[in-house]
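Please read the structure below before turning to the comments.
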Amino acid sequence: MNRLLALAPVVVLCAAITGCDTTVTKQEMETADYGPRPVNYQDEIKSYLSLRLTDPKAAIVEMRTEPKHLYQRGTPVRGEQYGWGVCVWVNDKNKQGAYDGFYPMTFVLRNEKIVAVNGGPDDANVIGAKYAREQCERLGAPFKQ
């Protein structure tokens, strides 16, 4: 019995990472209040990144999409996200001064403010990377290396 209890968190985490259904219905997308389309989204995203990147002035930041409606159903590991989504590809320098290569990030904005970020320095984990890739693909900028 104790063995089963010890394995329970591992099983739940594995199921959460691989088995979460993030498919969104048309009704869910239509009922979300996205607010007005952001106008200053590029400045907001650049400001966010300037505080988090290793070398913000030398980083290569590509806004891969214009803001589009984005709705992400909540899962056991990440809450519901909705608003205007923007896919961004970032290539920052590491601590040795070399570029590490591009990685995707998604920003979700409502009322000109960032309300969710997937991927990147503050969310550099398997789940954040998975959400960023999936959302960039839905926004029309699939990440391929």
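The chains in the structure tokens are called A, B, ... from first to last as shown; in each chain the residues are counted from 1, and the ligands are counted from 1 in the order shown.
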- Any idea what's packed within 12 Å of A:Glu28, counting only C-alpha atoms, ignoring anything in its chain fewer than 6 positions away? Could you give it as a ChimeraX atom specification? /A:22,34,69-74,80-82
Pick out the residues sitting within 12 Å of A:Asp123, and hand them over as a CSV table (one decimal) with all heavy atoms, in the first residue's frame; count only C-alpha atoms, and ignore anything fewer than 5 positions along from it in its own chain.
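Dumped everything to part.csv:
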chain,number,residue,atom,x,y,z
A,52,ARG,N,14.2,40.2,-18.0
A,52,ARG,CA,14.4,38.7,-17.8
A,52,ARG,C,15.5,38.1,-18.7
A,52,ARG,O,16.0,37.0,-18.3
A,52,ARG,CB,13.1,38.0,-18.0
A,52,ARG,CG,12.1,38.3,-16.9
A,52,ARG,CD,10.7,38.0,-17.4
A,52,ARG,NE,9.7,38.2,-16.3
A,52,ARG,CZ,9.2,39.4,-16.0
A,52,ARG,NH1,9.5,40.5,-16.7
A,52,ARG,NH2,8.4,39.5,-15.0
A,78,ARG,N,-1.8,23.8,-15.2
A,78,ARG,CA,-1.8,25.2,-15.6
A,78,ARG,C,-3.2,25.7,-15.8
A,78,ARG,O,-4.0,25.0,-16.4
A,78,ARG,CB,-1.0,25.3,-17.0
A,78,ARG,CG,-0.7,26.7,-17.3
A,78,ARG,CD,0.6,26.9,-18.1
A,78,ARG,NE,1.7,26.4,-17.4
A,78,ARG,CZ,3.0,26.8,-17.7
A,78,ARG,NH1,3.2,27.5,-18.7
A,78,ARG,NH2,4.0,26.3,-17.1
A,103,TYR,N,14.1,29.9,-29.1
A,103,TYR,CA,13.1,29.2,-28.4
A,103,TYR,C,11.8,29.9,-28.5
A,103,TYR,O,11.8,31.2,-28.6
A,103,TYR,CB,13.5,28.9,-27.0
A,103,TYR,CG,13.8,30.1,-26.1
A,103,TYR,CD1,12.8,30.8,-25.5
A,103,TYR,CD2,15.1,30.5,-26.0
A,103,TYR,CE1,13.1,31.9,-24.7
A,103,TYR,CE2,15.4,31.6,-25.2
A,103,TYR,CZ,14.4,32.3,-24.6
A,103,TYR,OH,14.7,33.4,-23.8
A,104,PRO,N,10.6,29.2,-28.5
A,104,PRO,CA,9.3,30.0,-28.6
A,104,PRO,C,8.8,30.4,-27.3
A,104,PRO,O,9.1,29.8,-26.2
A,104,PRO,CB,8.4,28.9,-29.2
A,104,PRO,CG,8.9,27.6,-28.6
A,104,PRO,CD,10.4,27.8,-28.6
A,105,MET,N,8.1,31.5,-27.3
A,105,MET,CA,7.3,32.0,-26.1
A,105,MET,C,6.0,32.4,-26.6
A,105,MET,O,5.9,32.9,-27.8
A,105,MET,CB,8.1,33.2,-25.5
A,105,MET,CG,9.4,32.9,-24.9
A,105,MET,SD,10.1,34.4,-24.1
A,105,MET,CE,9.0,34.6,-22.6
A,106,THR,N,5.0,32.3,-25.8
A,106,THR,CA,3.7,33.0,-26.1
A,106,THR,C,3.3,33.9,-25.0
A,106,THR,O,3.6,33.6,-23.8
A,106,THR,CB,2.6,31.9,-26.3
A,106,THR,OG1,2.5,31.0,-25.2
A,106,THR,CG2,2.8,31.2,-27.6
A,107,PHE,N,2.7,35.0,-25.4
A,107,PHE,CA,2.3,36.0,-24.4
A,107,PHE,C,0.8,36.1,-24.6
A,107,PHE,O,0.3,36.2,-25.8
A,107,PHE,CB,2.9,37.4,-24.7
A,107,PHE,CG,4.4,37.4,-24.4
A,107,PHE,CD1,5.3,36.9,-25.4
A,107,PHE,CD2,4.9,37.8,-23.2
A,107,PHE,CE1,6.7,36.9,-25.1
A,107,PHE,CE2,6.2,37.8,-22.9
A,107,PHE,CZ,7.1,37.3,-23.8
A,116,ALA,N,-0.5,36.2,-19.1
A,116,ALA,CA,0.1,34.9,-19.0
A,116,ALA,C,1.3,34.8,-20.0
A,116,ALA,O,1.3,35.4,-21.1
A,116,ALA,CB,-0.9,33.8,-19.4
A,117,VAL,N,2.3,34.0,-19.6
A,117,VAL,CA,3.5,33.8,-20.5
A,117,VAL,C,3.8,32.3,-20.4
A,117,VAL,O,3.8,31.7,-19.4
A,117,VAL,CB,4.7,34.6,-20.0
A,117,VAL,CG1,5.9,34.3,-20.8
A,117,VAL,CG2,4.4,36.1,-19.9
A,118,ASN,N,4.1,31.8,-21.6
A,118,ASN,CA,4.5,30.4,-21.7
A,118,ASN,C,5.8,30.3,-22.3
A,118,ASN,O,6.1,30.9,-23.4
A,118,ASN,CB,3.5,29.6,-22.5
A,118,ASN,CG,2.1,29.5,-21.8
A,118,ASN,OD1,2.0,29.0,-20.7
A,118,ASN,ND2,1.1,30.2,-22.3
A,128,GLY,N,6.0,24.6,-19.8
A,128,GLY,CA,6.1,25.9,-20.4
A,128,GLY,C,6.4,25.8,-21.9
A,128,GLY,O,5.8,26.4,-22.7
A,129,ALA,N,7.4,25.0,-22.2
A,129,ALA,CA,7.9,24.8,-23.6
A,129,ALA,C,6.8,24.1,-24.4
A,129,ALA,O,6.6,24.5,-25.6
A,129,ALA,CB,9.2,23.9,-23.6
A,130,LYS,N,6.1,23.1,-23.8
A,130,LYS,CA,5.0,22.5,-24.5
A,130,LYS,C,3.9,23.4,-24.9
A,130,LYS,O,3.4,23.5,-26.0
A,130,LYS,CB,4.5,21.3,-23.7
A,130,LYS,CG,3.3,20.5,-24.3
A,130,LYS,CD,2.9,19.4,-23.3
A,130,LYS,CE,1.9,18.5,-23.9
A,130,LYS,NZ,0.6,19.1,-24.2
A,131,TYR,N,3.5,24.2,-23.9
A,131,TYR,CA,2.4,25.2,-24.1
A,131,TYR,C,2.8,26.2,-25.2
A,131,TYR,O,2.1,26.6,-26.1
A,131,TYR,CB,2.0,25.9,-22.8
A,131,TYR,CG,0.9,25.3,-22.1
A,131,TYR,CD1,1.1,24.0,-21.5
A,131,TYR,CD2,-0.3,25.9,-21.8
A,131,TYR,CE1,0.1,23.4,-20.8
A,131,TYR,CE2,-1.3,25.3,-21.1
A,131,TYR,CZ,-1.1,24.1,-20.6
A,131,TYR,OH,-2.1,23.5,-19.9
A,132,ALA,N,4.1,26.7,-25.1
A,132,ALA,CA,4.6,27.7,-26.1
A,132,ALA,C,4.5,27.2,-27.5
A,132,ALA,O,4.1,27.8,-28.4
A,132,ALA,CB,6.0,28.2,-25.7
- Quick one: of A:Ile127, A:Ile45, A:Ile60, A:Ala32, who's nearest to A:Asp100, counting only C-alpha atoms?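 For A:Asp100, the nearest of the given residues is A:Ile60.
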- Query: What is the atom CA of A:Trp84-atom CA of A:Gly35 distance in Å, reported with one decimal?
  - Reply: 8.2 Å
- Have a look at atom CA of A:Val39 and atom CA of A:Phe102 and let me know their distance in Å, one decimal. 25.4 Å
Using only C-alpha atoms, which protein or nucleic acid residues come within 10 Å of A:Lys93? Drop anything in the same chain fewer than 6 positions from it, and give the result as a short mmCIF file (atom, residue, chain, number, x, y, z; two decimals) with N, CA, C and O atoms, in the first residue's frame.
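Result file follows (out_3.cif):
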data_model
loop_
_atom_site.label_atom_id
_atom_site.label_comp_id
_atom_site.auth_asym_id
_atom_site.auth_seq_id
_atom_site.Cartn_x
_atom_site.Cartn_y
_atom_site.Cartn_z
N LEU A 53 15.85 38.69 -19.76
CA LEU A 53 16.86 38.09 -20.63
C LEU A 53 18.27 38.35 -20.10
O LEU A 53 18.51 39.34 -19.42
N THR A 54 19.19 37.48 -20.45
CA THR A 54 20.58 37.62 -20.02
C THR A 54 21.21 38.87 -20.63
O THR A 54 21.89 39.62 -19.95
N ASP A 55 20.98 39.09 -21.92
CA ASP A 55 21.53 40.25 -22.62
C ASP A 55 20.42 40.85 -23.50
O ASP A 55 20.38 40.63 -24.71
N PRO A 56 19.49 41.62 -22.90
CA PRO A 56 18.33 42.11 -23.64
C PRO A 56 18.67 42.96 -24.86
O PRO A 56 17.96 42.92 -25.86
N LYS A 57 19.76 43.71 -24.81
CA LYS A 57 20.11 44.57 -25.95
C LYS A 57 20.62 43.76 -27.14
O LYS A 57 20.43 44.17 -28.28
N ALA A 58 21.26 42.64 -26.88
CA ALA A 58 21.80 41.82 -27.97
C ALA A 58 20.85 40.69 -28.38
O ALA A 58 21.06 40.06 -29.42
N ALA A 59 19.83 40.45 -27.59
CA ALA A 59 18.89 39.35 -27.89
C ALA A 59 18.18 39.61 -29.21
O ALA A 59 17.87 40.75 -29.56
N ILE A 60 17.91 38.53 -29.92
CA ILE A 60 17.14 38.61 -31.15
C ILE A 60 15.71 38.19 -30.79
O ILE A 60 15.48 37.06 -30.36
N TYR A 99 25.19 32.88 -28.37
CA TYR A 99 23.77 32.64 -28.59
C TYR A 99 23.47 31.16 -28.42
O TYR A 99 24.21 30.31 -28.88
N ASP A 100 22.35 30.86 -27.76
CA ASP A 100 21.95 29.48 -27.49
C ASP A 100 21.01 28.92 -28.55
O ASP A 100 20.75 27.73 -28.57
N GLY A 101 20.44 29.75 -29.39
CA GLY A 101 19.45 29.31 -30.37
C GLY A 101 18.07 29.79 -29.98
O GLY A 101 17.80 30.11 -28.82
#
